[in-house]
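K.L.:
The structure follows.
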Amino acid sequence: MNDVADVALYGHWICPFATRVEFALHQRGIGHDLIDLPPSAVRGPDFVLPDEFIEHSPRLEIPMVRVGSDYLADSIPVLEWLEDRVEAPSLLPPDDAGKALVQERMAWIDKHAFRPMISMYYGVEPDDIEQASDALADALAEMGRWTTDTGWLAGTASSLAEAVAMPIHVRMAGLQRLGFTGELTAEWSVHGERCRSLAGWPSVEWSTEQTDEFVGRFEAFRRKRRSQNASRS
Ligand SMILES: N[C@@H](CCC(=O)N[C@@H](CS)C(=O)NCC(=O)O)C(=O)O
């Protein structure tokens with residue numbers, strides 16, 4: 001455990017995985033440097049990858065975090081590693097059963113909500129977008145049900161499960177403009193409102209311009225793919 005945190009996050013606002021870590025750092029009150037490292041699709045032609053990123057992010061993916069002289073990439077392992085490495089208010093319950101539930105739900109959200117969310121905005125054909133939208137709506141309804149008793153996704157307080165799910169709330173307006181047609185359940189919407197009152201929220205909230213940029217990028221991506229597909233057939 002580090003007494004004085006020396007932490008840096010290599011990430012970018014548009015990356016939902018980096019958003020998880022940025023949220024958790026702010027929610028836990030951990031001071032850190034933010035090193036803006038856009039995903040490859042967002043990099044300018046002259047962008048030079050930092051050497052330490054090439055060395056320490058095995059898949060060349062953000063987010064990567066440095067604590068002291070140690071590095072780790074991959075959002076969920078990073079969130080757990082930061083719990084061990086940095087002394088600050090925890091986003092894990094104190095008991096083993098509570099921790100296990102948070103871990104189970106983080107993995108579930110990654111698989112059942114993040115996968116369809118990403119398939120949705122990378123979707124090109126309307127049928128694929130609709131299928132991913134339906135799967136995401138089902139996942140959000142289930143996650144809303146988890147919150148019925150306590151208001152939170154796992155346990156009696158906000159936890160790392162909120163960090164993992166937060167990017168969905170952050171980009172919901174953008175997802176809707178890109179074809180997410182699912183009806184949000186009252187529980188999920190109330191959870192979104194509750195998340196907006198958390199200390200970490202302002203650090204990850206998108207402005208209208210950021211939502212527009214997100215939507216514009218994926219609309220352009222779809223147009224390009226459709227014209228490539230049309231010229232192939
Ligand atoms: N499983 C990873 C996924 C991270 C990921 O896919 N990051 C994207 C950006 S959102 C990335 O860096 N892609 C490689 C690239 O853009 O070259 C995690 O949870 O952190």
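Chain identifiers are assigned as A, B, and so on, following the order in which chains appear in the structure tokens; residues are numbered from 1 within each chain, and ligands are numbered from 1 in order of appearance.
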Check which residues fall inside 10 Å of ligand 1 when counting only C-alpha atoms and all ligand atoms, and print them as a PyMOL selection string.
P.N.:
chain A and resi 10-21+37-43+57+59-64+72-79+110+114+118+164
K.L.:
Do you know which residues are at most 7 Å from range 182-185 of chain A counting only C-alpha atoms, after dropping those on the same chain fewer than 2 positions away, and could you put them as a PyMOL selection string?
P.N.:
chain A and resi 133-134+137+141+144+180+187-189
K.L.:
If we count only C-alpha atoms, what is near range 166-170 of chain A at a cut-off of 12 Å, once residues fewer than 5 positions away on the same chain are taken out, given as a PDB file with N, CA, C and O atoms, in the first residue's frame?
P.N.:
```
ATOM      1  N   TRP A  13     -11.070  10.705 -22.788  1.00  0.00           N
ATOM      2  CA  TRP A  13     -12.478  10.795 -22.379  1.00  0.00           C
ATOM      3  C   TRP A  13     -13.408   9.901 -23.212  1.00  0.00           C
ATOM      4  O   TRP A  13     -14.426   9.430 -22.723  1.00  0.00           O
ATOM      5  N   ILE A  14     -13.067   9.649 -24.460  1.00  0.00           N
ATOM      6  CA  ILE A  14     -14.024   8.916 -25.308  1.00  0.00           C
ATOM      7  C   ILE A  14     -13.983   7.405 -25.038  1.00  0.00           C
ATOM      8  O   ILE A  14     -14.884   6.682 -25.457  1.00  0.00           O
ATOM      9  N   CYS A  15     -12.946   6.954 -24.330  1.00  0.00           N
ATOM     10  CA  CYS A  15     -12.785   5.508 -24.089  1.00  0.00           C
ATOM     11  C   CYS A  15     -13.581   5.107 -22.843  1.00  0.00           C
ATOM     12  O   CYS A  15     -13.277   5.564 -21.732  1.00  0.00           O
ATOM     13  N   PRO A  16     -14.577   4.228 -22.986  1.00  0.00           N
ATOM     14  CA  PRO A  16     -15.399   3.886 -21.825  1.00  0.00           C
ATOM     15  C   PRO A  16     -14.614   3.145 -20.741  1.00  0.00           C
ATOM     16  O   PRO A  16     -14.936   3.239 -19.556  1.00  0.00           O
ATOM     17  N   PHE A  17     -13.571   2.438 -21.153  1.00  0.00           N
ATOM     18  CA  PHE A  17     -12.777   1.682 -20.176  1.00  0.00           C
ATOM     19  C   PHE A  17     -11.923   2.639 -19.338  1.00  0.00           C
ATOM     20  O   PHE A  17     -11.755   2.445 -18.128  1.00  0.00           O
ATOM     21  N   ALA A  18     -11.411   3.685 -19.990  1.00  0.00           N
ATOM     22  CA  ALA A  18     -10.647   4.703 -19.249  1.00  0.00           C
ATOM     23  C   ALA A  18     -11.570   5.485 -18.318  1.00  0.00           C
ATOM     24  O   ALA A  18     -11.177   5.869 -17.202  1.00  0.00           O
ATOM     25  N   THR A  19     -12.808   5.697 -18.764  1.00  0.00           N
ATOM     26  CA  THR A  19     -13.795   6.412 -17.932  1.00  0.00           C
ATOM     27  C   THR A  19     -14.011   5.693 -16.601  1.00  0.00           C
ATOM     28  O   THR A  19     -14.168   6.326 -15.553  1.00  0.00           O
ATOM     29  N   ARG A  20     -14.024   4.357 -16.642  1.00  0.00           N
ATOM     30  CA  ARG A  20     -14.207   3.600 -15.393  1.00  0.00           C
ATOM     31  C   ARG A  20     -13.142   3.988 -14.371  1.00  0.00           C
ATOM     32  O   ARG A  20     -13.432   4.190 -13.180  1.00  0.00           O
ATOM     33  N   VAL A  21     -11.896   4.059 -14.854  1.00  0.00           N
ATOM     34  CA  VAL A  21     -10.775   4.299 -13.935  1.00  0.00           C
ATOM     35  C   VAL A  21     -10.766   5.760 -13.485  1.00  0.00           C
ATOM     36  O   VAL A  21     -10.554   6.058 -12.307  1.00  0.00           O
ATOM     37  N   GLU A  22     -11.022   6.647 -14.428  1.00  0.00           N
ATOM     38  CA  GLU A  22     -11.064   8.081 -14.074  1.00  0.00           C
ATOM     39  C   GLU A  22     -12.136   8.322 -13.002  1.00  0.00           C
ATOM     40  O   GLU A  22     -11.908   9.037 -12.023  1.00  0.00           O
ATOM     41  N   PHE A  23     -13.295   7.691 -13.198  1.00  0.00           N
ATOM     42  CA  PHE A  23     -14.356   7.838 -12.202  1.00  0.00           C
ATOM     43  C   PHE A  23     -13.876   7.331 -10.836  1.00  0.00           C
ATOM     44  O   PHE A  23     -14.039   8.011  -9.813  1.00  0.00           O
ATOM     45  N   ALA A  24     -13.319   6.134 -10.803  1.00  0.00           N
ATOM     46  CA  ALA A  24     -12.927   5.530  -9.515  1.00  0.00           C
ATOM     47  C   ALA A  24     -11.855   6.373  -8.811  1.00  0.00           C
ATOM     48  O   ALA A  24     -11.898   6.544  -7.589  1.00  0.00           O
ATOM     49  N   GLN A  27     -13.677   9.324  -7.426  1.00  0.00           N
ATOM     50  CA  GLN A  27     -14.608   8.909  -6.376  1.00  0.00           C
ATOM     51  C   GLN A  27     -13.855   8.586  -5.086  1.00  0.00           C
ATOM     52  O   GLN A  27     -14.331   8.856  -3.988  1.00  0.00           O
ATOM     53  N   MET A 106     -19.198  -6.895 -11.764  1.00  0.00           N
ATOM     54  CA  MET A 106     -18.327  -6.208 -12.732  1.00  0.00           C
ATOM     55  C   MET A 106     -18.151  -7.084 -13.977  1.00  0.00           C
ATOM     56  O   MET A 106     -18.251  -6.600 -15.105  1.00  0.00           O
ATOM     57  N   ILE A 109     -21.397  -7.116 -16.037  1.00  0.00           N
ATOM     58  CA  ILE A 109     -21.628  -5.863 -16.773  1.00  0.00           C
ATOM     59  C   ILE A 109     -20.720  -5.809 -18.002  1.00  0.00           C
ATOM     60  O   ILE A 109     -21.142  -5.428 -19.098  1.00  0.00           O
ATOM     61  N   ASP A 110     -19.463  -6.215 -17.801  1.00  0.00           N
ATOM     62  CA  ASP A 110     -18.503  -6.209 -18.910  1.00  0.00           C
ATOM     63  C   ASP A 110     -19.026  -7.065 -20.060  1.00  0.00           C
ATOM     64  O   ASP A 110     -18.971  -6.684 -21.229  1.00  0.00           O
ATOM     65  N   ALA A 113     -23.454  -6.039 -20.780  1.00  0.00           N
ATOM     66  CA  ALA A 113     -23.845  -4.663 -21.123  1.00  0.00           C
ATOM     67  C   ALA A 113     -22.799  -4.004 -22.032  1.00  0.00           C
ATOM     68  O   ALA A 113     -23.156  -3.408 -23.043  1.00  0.00           O
ATOM     69  N   PHE A 114     -21.508  -4.142 -21.670  1.00  0.00           N
ATOM     70  CA  PHE A 114     -20.491  -3.469 -22.496  1.00  0.00           C
ATOM     71  C   PHE A 114     -20.396  -4.073 -23.890  1.00  0.00           C
ATOM     72  O   PHE A 114     -20.270  -3.345 -24.869  1.00  0.00           O
ATOM     73  N   ARG A 115     -20.434  -5.393 -23.985  1.00  0.00           N
ATOM     74  CA  ARG A 115     -20.304  -5.987 -25.329  1.00  0.00           C
ATOM     75  C   ARG A 115     -21.398  -5.507 -26.258  1.00  0.00           C
ATOM     76  O   ARG A 115     -21.107  -5.026 -27.352  1.00  0.00           O
ATOM     77  N   PRO A 116     -22.692  -5.610 -25.873  1.00  0.00           N
ATOM     78  CA  PRO A 116     -23.712  -5.082 -26.790  1.00  0.00           C
ATOM     79  C   PRO A 116     -23.624  -3.572 -26.986  1.00  0.00           C
ATOM     80  O   PRO A 116     -23.895  -3.080 -28.075  1.00  0.00           O
ATOM     81  N   MET A 117     -23.203  -2.838 -25.945  1.00  0.00           N
ATOM     82  CA  MET A 117     -23.085  -1.377 -26.131  1.00  0.00           C
ATOM     83  C   MET A 117     -22.072  -1.069 -27.239  1.00  0.00           C
ATOM     84  O   MET A 117     -22.336  -0.261 -28.132  1.00  0.00           O
ATOM     85  N   ILE A 118     -20.936  -1.766 -27.192  1.00  0.00           N
ATOM     86  CA  ILE A 118     -19.898  -1.490 -28.185  1.00  0.00           C
ATOM     87  C   ILE A 118     -20.331  -2.019 -29.559  1.00  0.00           C
ATOM     88  O   ILE A 118     -20.154  -1.353 -30.580  1.00  0.00           O
ATOM     89  N   LEU A 136     -28.601  -4.760 -25.070  1.00  0.00           N
ATOM     90  CA  LEU A 136     -28.207  -3.750 -24.075  1.00  0.00           C
ATOM     91  C   LEU A 136     -29.402  -3.389 -23.186  1.00  0.00           C
ATOM     92  O   LEU A 136     -29.265  -3.288 -21.963  1.00  0.00           O
ATOM     93  N   ALA A 137     -30.574  -3.230 -23.799  1.00  0.00           N
ATOM     94  CA  ALA A 137     -31.766  -2.884 -23.006  1.00  0.00           C
ATOM     95  C   ALA A 137     -32.052  -3.977 -21.972  1.00  0.00           C
ATOM     96  O   ALA A 137     -32.384  -3.676 -20.813  1.00  0.00           O
ATOM     97  N   ALA A 139     -29.888  -5.991 -20.613  1.00  0.00           N
ATOM     98  CA  ALA A 139     -28.852  -5.927 -19.565  1.00  0.00           C
ATOM     99  C   ALA A 139     -29.139  -4.780 -18.597  1.00  0.00           C
ATOM    100  O   ALA A 139     -29.032  -4.939 -17.375  1.00  0.00           O
ATOM    101  N   LEU A 140     -29.547  -3.637 -19.129  1.00  0.00           N
ATOM    102  CA  LEU A 140     -29.794  -2.484 -18.247  1.00  0.00           C
ATOM    103  C   LEU A 140     -31.014  -2.730 -17.356  1.00  0.00           C
ATOM    104  O   LEU A 140     -31.052  -2.289 -16.199  1.00  0.00           O
ATOM    105  N   MET A 143     -29.707  -4.875 -14.592  1.00  0.00           N
ATOM    106  CA  MET A 143     -28.892  -4.073 -13.665  1.00  0.00           C
ATOM    107  C   MET A 143     -29.785  -3.161 -12.822  1.00  0.00           C
ATOM    108  O   MET A 143     -29.516  -2.924 -11.641  1.00  0.00           O
ATOM    109  N   TRP A 152     -28.011   0.628  -5.176  1.00  0.00           N
ATOM    110  CA  TRP A 152     -26.687   0.456  -5.816  1.00  0.00           C
ATOM    111  C   TRP A 152     -26.596  -0.914  -6.476  1.00  0.00           C
ATOM    112  O   TRP A 152     -27.392  -1.825  -6.187  1.00  0.00           O
ATOM    113  N   LEU A 153     -25.595  -1.064  -7.343  1.00  0.00           N
ATOM    114  CA  LEU A 153     -25.524  -2.280  -8.162  1.00  0.00           C
ATOM    115  C   LEU A 153     -25.096  -3.512  -7.371  1.00  0.00           C
ATOM    116  O   LEU A 153     -25.429  -4.638  -7.749  1.00  0.00           O
ATOM    117  N   SER A 158     -22.196   2.773  -3.171  1.00  0.00           N
ATOM    118  CA  SER A 158     -21.614   2.730  -4.511  1.00  0.00           C
ATOM    119  C   SER A 158     -20.286   1.975  -4.423  1.00  0.00           C
ATOM    120  O   SER A 158     -19.589   2.031  -3.413  1.00  0.00           O
ATOM    121  N   SER A 159     -19.958   1.263  -5.494  1.00  0.00           N
ATOM    122  CA  SER A 159     -18.804   0.357  -5.457  1.00  0.00           C
ATOM    123  C   SER A 159     -18.113   0.362  -6.819  1.00  0.00           C
ATOM    124  O   SER A 159     -18.493   1.124  -7.726  1.00  0.00           O
ATOM    125  N   LEU A 160     -17.139  -0.530  -6.956  1.00  0.00           N
ATOM    126  CA  LEU A 160     -16.480  -0.660  -8.258  1.00  0.00           C
ATOM    127  C   LEU A 160     -17.473  -1.067  -9.350  1.00  0.00           C
ATOM    128  O   LEU A 160     -17.220  -0.820 -10.528  1.00  0.00           O
ATOM    129  N   ALA A 161     -18.588  -1.672  -8.961  1.00  0.00           N
ATOM    130  CA  ALA A 161     -19.608  -2.004  -9.980  1.00  0.00           C
ATOM    131  C   ALA A 161     -20.153  -0.717 -10.606  1.00  0.00           C
ATOM    132  O   ALA A 161     -20.411  -0.670 -11.818  1.00  0.00           O
ATOM    133  N   LEU A 175     -25.721   7.182 -27.188  1.00  0.00           N
ATOM    134  CA  LEU A 175     -26.166   5.851 -27.610  1.00  0.00           C
ATOM    135  C   LEU A 175     -27.552   5.945 -28.243  1.00  0.00           C
ATOM    136  O   LEU A 175     -27.830   5.305 -29.264  1.00  0.00           O
ATOM    137  N   GLN A 176     -28.416   6.770 -27.659  1.00  0.00           N
ATOM    138  CA  GLN A 176     -29.770   6.902 -28.204  1.00  0.00           C
ATOM    139  C   GLN A 176     -29.728   7.523 -29.594  1.00  0.00           C
ATOM    140  O   GLN A 176     -30.436   7.086 -30.495  1.00  0.00           O
ATOM    141  N   PHE A 180     -29.818   3.323 -30.114  1.00  0.00           N
ATOM    142  CA  PHE A 180     -30.308   2.566 -28.957  1.00  0.00           C
ATOM    143  C   PHE A 180     -31.770   2.951 -28.741  1.00  0.00           C
ATOM    144  O   PHE A 180     -32.082   4.103 -28.447  1.00  0.00           O
ATOM    145  N   LEU A 184     -35.719   2.677 -21.096  1.00  0.00           N
ATOM    146  CA  LEU A 184     -34.987   2.533 -19.841  1.00  0.00           C
ATOM    147  C   LEU A 184     -35.975   2.308 -18.700  1.00  0.00           C
ATOM    148  O   LEU A 184     -36.986   3.015 -18.611  1.00  0.00           O
ATOM    149  N   TRP A 188     -33.291   1.776 -13.543  1.00  0.00           N
ATOM    150  CA  TRP A 188     -32.024   2.147 -14.183  1.00  0.00           C
ATOM    151  C   TRP A 188     -31.893   3.672 -14.257  1.00  0.00           C
ATOM    152  O   TRP A 188     -30.833   4.241 -14.003  1.00  0.00           O
ATOM    153  N   SER A 189     -32.997   4.349 -14.571  1.00  0.00           N
ATOM    154  CA  SER A 189     -32.947   5.818 -14.666  1.00  0.00           C
ATOM    155  C   SER A 189     -32.668   6.438 -13.294  1.00  0.00           C
ATOM    156  O   SER A 189     -31.886   7.391 -13.174  1.00  0.00           O
ATOM    157  N   VAL A 190     -33.292   5.896 -12.271  1.00  0.00           N
ATOM    158  CA  VAL A 190     -33.053   6.424 -10.916  1.00  0.00           C
ATOM    159  C   VAL A 190     -31.587   6.178 -10.517  1.00  0.00           C
ATOM    160  O   VAL A 190     -30.937   7.040  -9.898  1.00  0.00           O
ATOM    161  N   HIS A 191     -31.069   5.020 -10.906  1.00  0.00           N
ATOM    162  CA  HIS A 191     -29.650   4.747 -10.627  1.00  0.00           C
ATOM    163  C   HIS A 191     -28.778   5.808 -11.307  1.00  0.00           C
ATOM    164  O   HIS A 191     -27.826   6.329 -10.704  1.00  0.00           O
ATOM    165  N   GLY A 192     -29.110   6.159 -12.538  1.00  0.00           N
ATOM    166  CA  GLY A 192     -28.364   7.208 -13.251  1.00  0.00           C
ATOM    167  C   GLY A 192     -28.404   8.522 -12.490  1.00  0.00           C
ATOM    168  O   GLY A 192     -27.386   9.202 -12.341  1.00  0.00           O
ATOM    169  N   GLU A 193     -29.563   8.874 -11.995  1.00  0.00           N
ATOM    170  CA  GLU A 193     -29.682  10.118 -11.220  1.00  0.00           C
ATOM    171  C   GLU A 193     -28.823  10.062  -9.964  1.00  0.00           C
ATOM    172  O   GLU A 193     -28.138  11.015  -9.602  1.00  0.00           O
ATOM    173  N   ARG A 194     -28.862   8.900  -9.310  1.00  0.00           N
ATOM    174  CA  ARG A 194     -28.087   8.747  -8.071  1.00  0.00           C
ATOM    175  C   ARG A 194     -26.583   8.871  -8.378  1.00  0.00           C
ATOM    176  O   ARG A 194     -25.833   9.486  -7.630  1.00  0.00           O
ATOM    177  N   CYS A 195     -26.174   8.290  -9.499  1.00  0.00           N
ATOM    178  CA  CYS A 195     -24.748   8.357  -9.879  1.00  0.00           C
ATOM    179  C   CYS A 195     -24.314   9.798 -10.116  1.00  0.00           C
ATOM    180  O   CYS A 195     -23.159  10.159  -9.877  1.00  0.00           O
ATOM    181  N   ARG A 196     -25.227  10.619 -10.609  1.00  0.00           N
ATOM    182  CA  ARG A 196     -24.891  12.024 -10.882  1.00  0.00           C
ATOM    183  C   ARG A 196     -24.582  12.811  -9.608  1.00  0.00           C
ATOM    184  O   ARG A 196     -24.048  13.911  -9.667  1.00  0.00           O
ATOM    185  N   LEU A 198     -22.650  11.527  -7.252  1.00  0.00           N
ATOM    186  CA  LEU A 198     -21.395  11.002  -6.681  1.00  0.00           C
ATOM    187  C   LEU A 198     -20.226  11.954  -6.972  1.00  0.00           C
ATOM    188  O   LEU A 198     -20.218  12.649  -8.003  1.00  0.00           O
ATOM    189  N   GLY A 200     -17.343  11.427  -8.038  1.00  0.00           N
ATOM    190  CA  GLY A 200     -16.586  11.148  -9.263  1.00  0.00           C
ATOM    191  C   GLY A 200     -17.297  11.555 -10.543  1.00  0.00           C
ATOM    192  O   GLY A 200     -16.668  11.584 -11.612  1.00  0.00           O
ATOM    193  N   TRP A 201     -18.589  11.843 -10.463  1.00  0.00           N
ATOM    194  CA  TRP A 201     -19.372  12.089 -11.684  1.00  0.00           C
ATOM    195  C   TRP A 201     -18.853  13.269 -12.522  1.00  0.00           C
ATOM    196  O   TRP A 201     -18.659  13.122 -13.743  1.00  0.00           O
ATOM    197  N   PRO A 202     -18.600  14.456 -11.902  1.00  0.00           N
ATOM    198  CA  PRO A 202     -18.207  15.598 -12.735  1.00  0.00           C
ATOM    199  C   PRO A 202     -16.946  15.331 -13.567  1.00  0.00           C
ATOM    200  O   PRO A 202     -16.763  15.928 -14.626  1.00  0.00           O
ATOM    201  N   SER A 203     -16.091  14.439 -13.097  1.00  0.00           N
ATOM    202  CA  SER A 203     -14.840  14.187 -13.834  1.00  0.00           C
ATOM    203  C   SER A 203     -15.079  13.374 -15.112  1.00  0.00           C
ATOM    204  O   SER A 203     -14.215  13.322 -15.985  1.00  0.00           O
ATOM    205  N   VAL A 204     -16.221  12.726 -15.215  1.00  0.00           N
ATOM    206  CA  VAL A 204     -16.450  11.873 -16.391  1.00  0.00           C
ATOM    207  C   VAL A 204     -17.660  12.315 -17.226  1.00  0.00           C
ATOM    208  O   VAL A 204     -17.874  11.810 -18.325  1.00  0.00           O
ATOM    209  N   GLU A 205     -18.432  13.253 -16.682  1.00  0.00           N
ATOM    210  CA  GLU A 205     -19.639  13.703 -17.389  1.00  0.00           C
ATOM    211  C   GLU A 205     -19.265  14.332 -18.733  1.00  0.00           C
ATOM    212  O   GLU A 205     -18.277  15.050 -18.827  1.00  0.00           O
ATOM    213  N   TRP A 206     -20.065  14.052 -19.757  1.00  0.00           N
ATOM    214  CA  TRP A 206     -19.799  14.628 -21.074  1.00  0.00           C
ATOM    215  C   TRP A 206     -20.560  15.926 -21.257  1.00  0.00           C
ATOM    216  O   TRP A 206     -21.737  16.047 -20.864  1.00  0.00           O
ATOM    217  N   SER A 207     -19.901  16.867 -21.949  1.00  0.00           N
ATOM    218  CA  SER A 207     -20.596  18.078 -22.398  1.00  0.00           C
ATOM    219  C   SER A 207     -21.394  17.722 -23.658  1.00  0.00           C
ATOM    220  O   SER A 207     -21.195  16.652 -24.258  1.00  0.00           O
ATOM    221  N   THR A 208     -22.245  18.635 -24.082  1.00  0.00           N
ATOM    222  CA  THR A 208     -22.973  18.434 -25.343  1.00  0.00           C
ATOM    223  C   THR A 208     -21.986  18.246 -26.495  1.00  0.00           C
ATOM    224  O   THR A 208     -22.199  17.422 -27.383  1.00  0.00           O
ATOM    225  N   GLN A 210     -19.007  16.957 -26.402  1.00  0.00           N
ATOM    226  CA  GLN A 210     -18.413  15.606 -26.375  1.00  0.00           C
ATOM    227  C   GLN A 210     -19.400  14.572 -26.911  1.00  0.00           C
ATOM    228  O   GLN A 210     -19.018  13.676 -27.670  1.00  0.00           O
ATOM    229  N   THR A 211     -20.663  14.695 -26.512  1.00  0.00           N
ATOM    230  CA  THR A 211     -21.665  13.768 -27.054  1.00  0.00           C
ATOM    231  C   THR A 211     -21.732  13.914 -28.576  1.00  0.00           C
ATOM    232  O   THR A 211     -21.755  12.911 -29.308  1.00  0.00           O
ATOM    233  N   PHE A 214     -18.721  12.216 -30.171  1.00  0.00           N
ATOM    234  CA  PHE A 214     -18.886  10.753 -30.123  1.00  0.00           C
ATOM    235  C   PHE A 214     -19.850  10.295 -31.232  1.00  0.00           C
ATOM    236  O   PHE A 214     -19.545   9.402 -32.019  1.00  0.00           O
TER     237      PHE A 214
END
```
K.L.:
Nearest to Met120 in chain A among A:Pro58, A:Glu52, A:Arg232, A:Gly174, with distances taken over only C-alpha atoms: which residue is it?
P.N.:
A:Gly174
K.L.:
Using DSSP assignments from the backbone, pull out every residue in range 30-187 of chain A that falls under strand (DSSP E or B) and give it to me as a ChimeraX atom specification.
P.N.:
/A:33-36,64-67,70-73,86
K.L.:
Of the candidates A:Ala154, A:Leu49, A:Val65, A:Ala220, which shows the shortest atom-to-atom distance to Lys99 in chain A, using only C-alpha atoms?
P.N.:
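With only C-alpha atoms as the atom set, the closest residue is A:Ala154.
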K.L.:
What is the distance, in Å and to one decimal place, between CA of Arg226 in chain A and CA of Leu178 in chain A?
P.N.:
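Separation between CA of Arg226 in chain A and CA of Leu178 in chain A: 15.1 Å.
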K.L.:
Would you please give, as JSON, numbers by chain, all residues of range 8-205 of chain A that DSSP assigns to helix (DSSP H, G or I) based on the backbone?
P.N.:
{"A": [16, 17, 18, 19, 20, 21, 22, 23, 24, 25, 26, 27, 40, 41, 42, 51, 52, 53, 54, 55, 56, 75, 76, 77, 78, 79, 80, 81, 82, 83, 84, 85, 96, 97, 98, 99, 100, 101, 102, 103, 104, 105, 106, 107, 108, 109, 110, 111, 112, 113, 114, 115, 116, 117, 118, 119, 120, 121, 126, 127, 128, 129, 130, 131, 132, 133, 134, 135, 136, 137, 138, 139, 140, 141, 142, 143, 144, 145, 146, 160, 161, 162, 163, 164, 165, 166, 167, 168, 169, 170, 172, 173, 174, 175, 176, 177, 186, 187, 188, 189, 190, 191, 192, 193, 194, 195, 201, 202, 203, 204]}
K.L.:
Tell me which of A:Asp138, A:Glu87, A:Asp46, A:Asp6 sits closest to Asp33 in chain A, counting only C-alpha atoms.
P.N.:
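With only C-alpha atoms as the atom set, the closest residue is A:Asp6.
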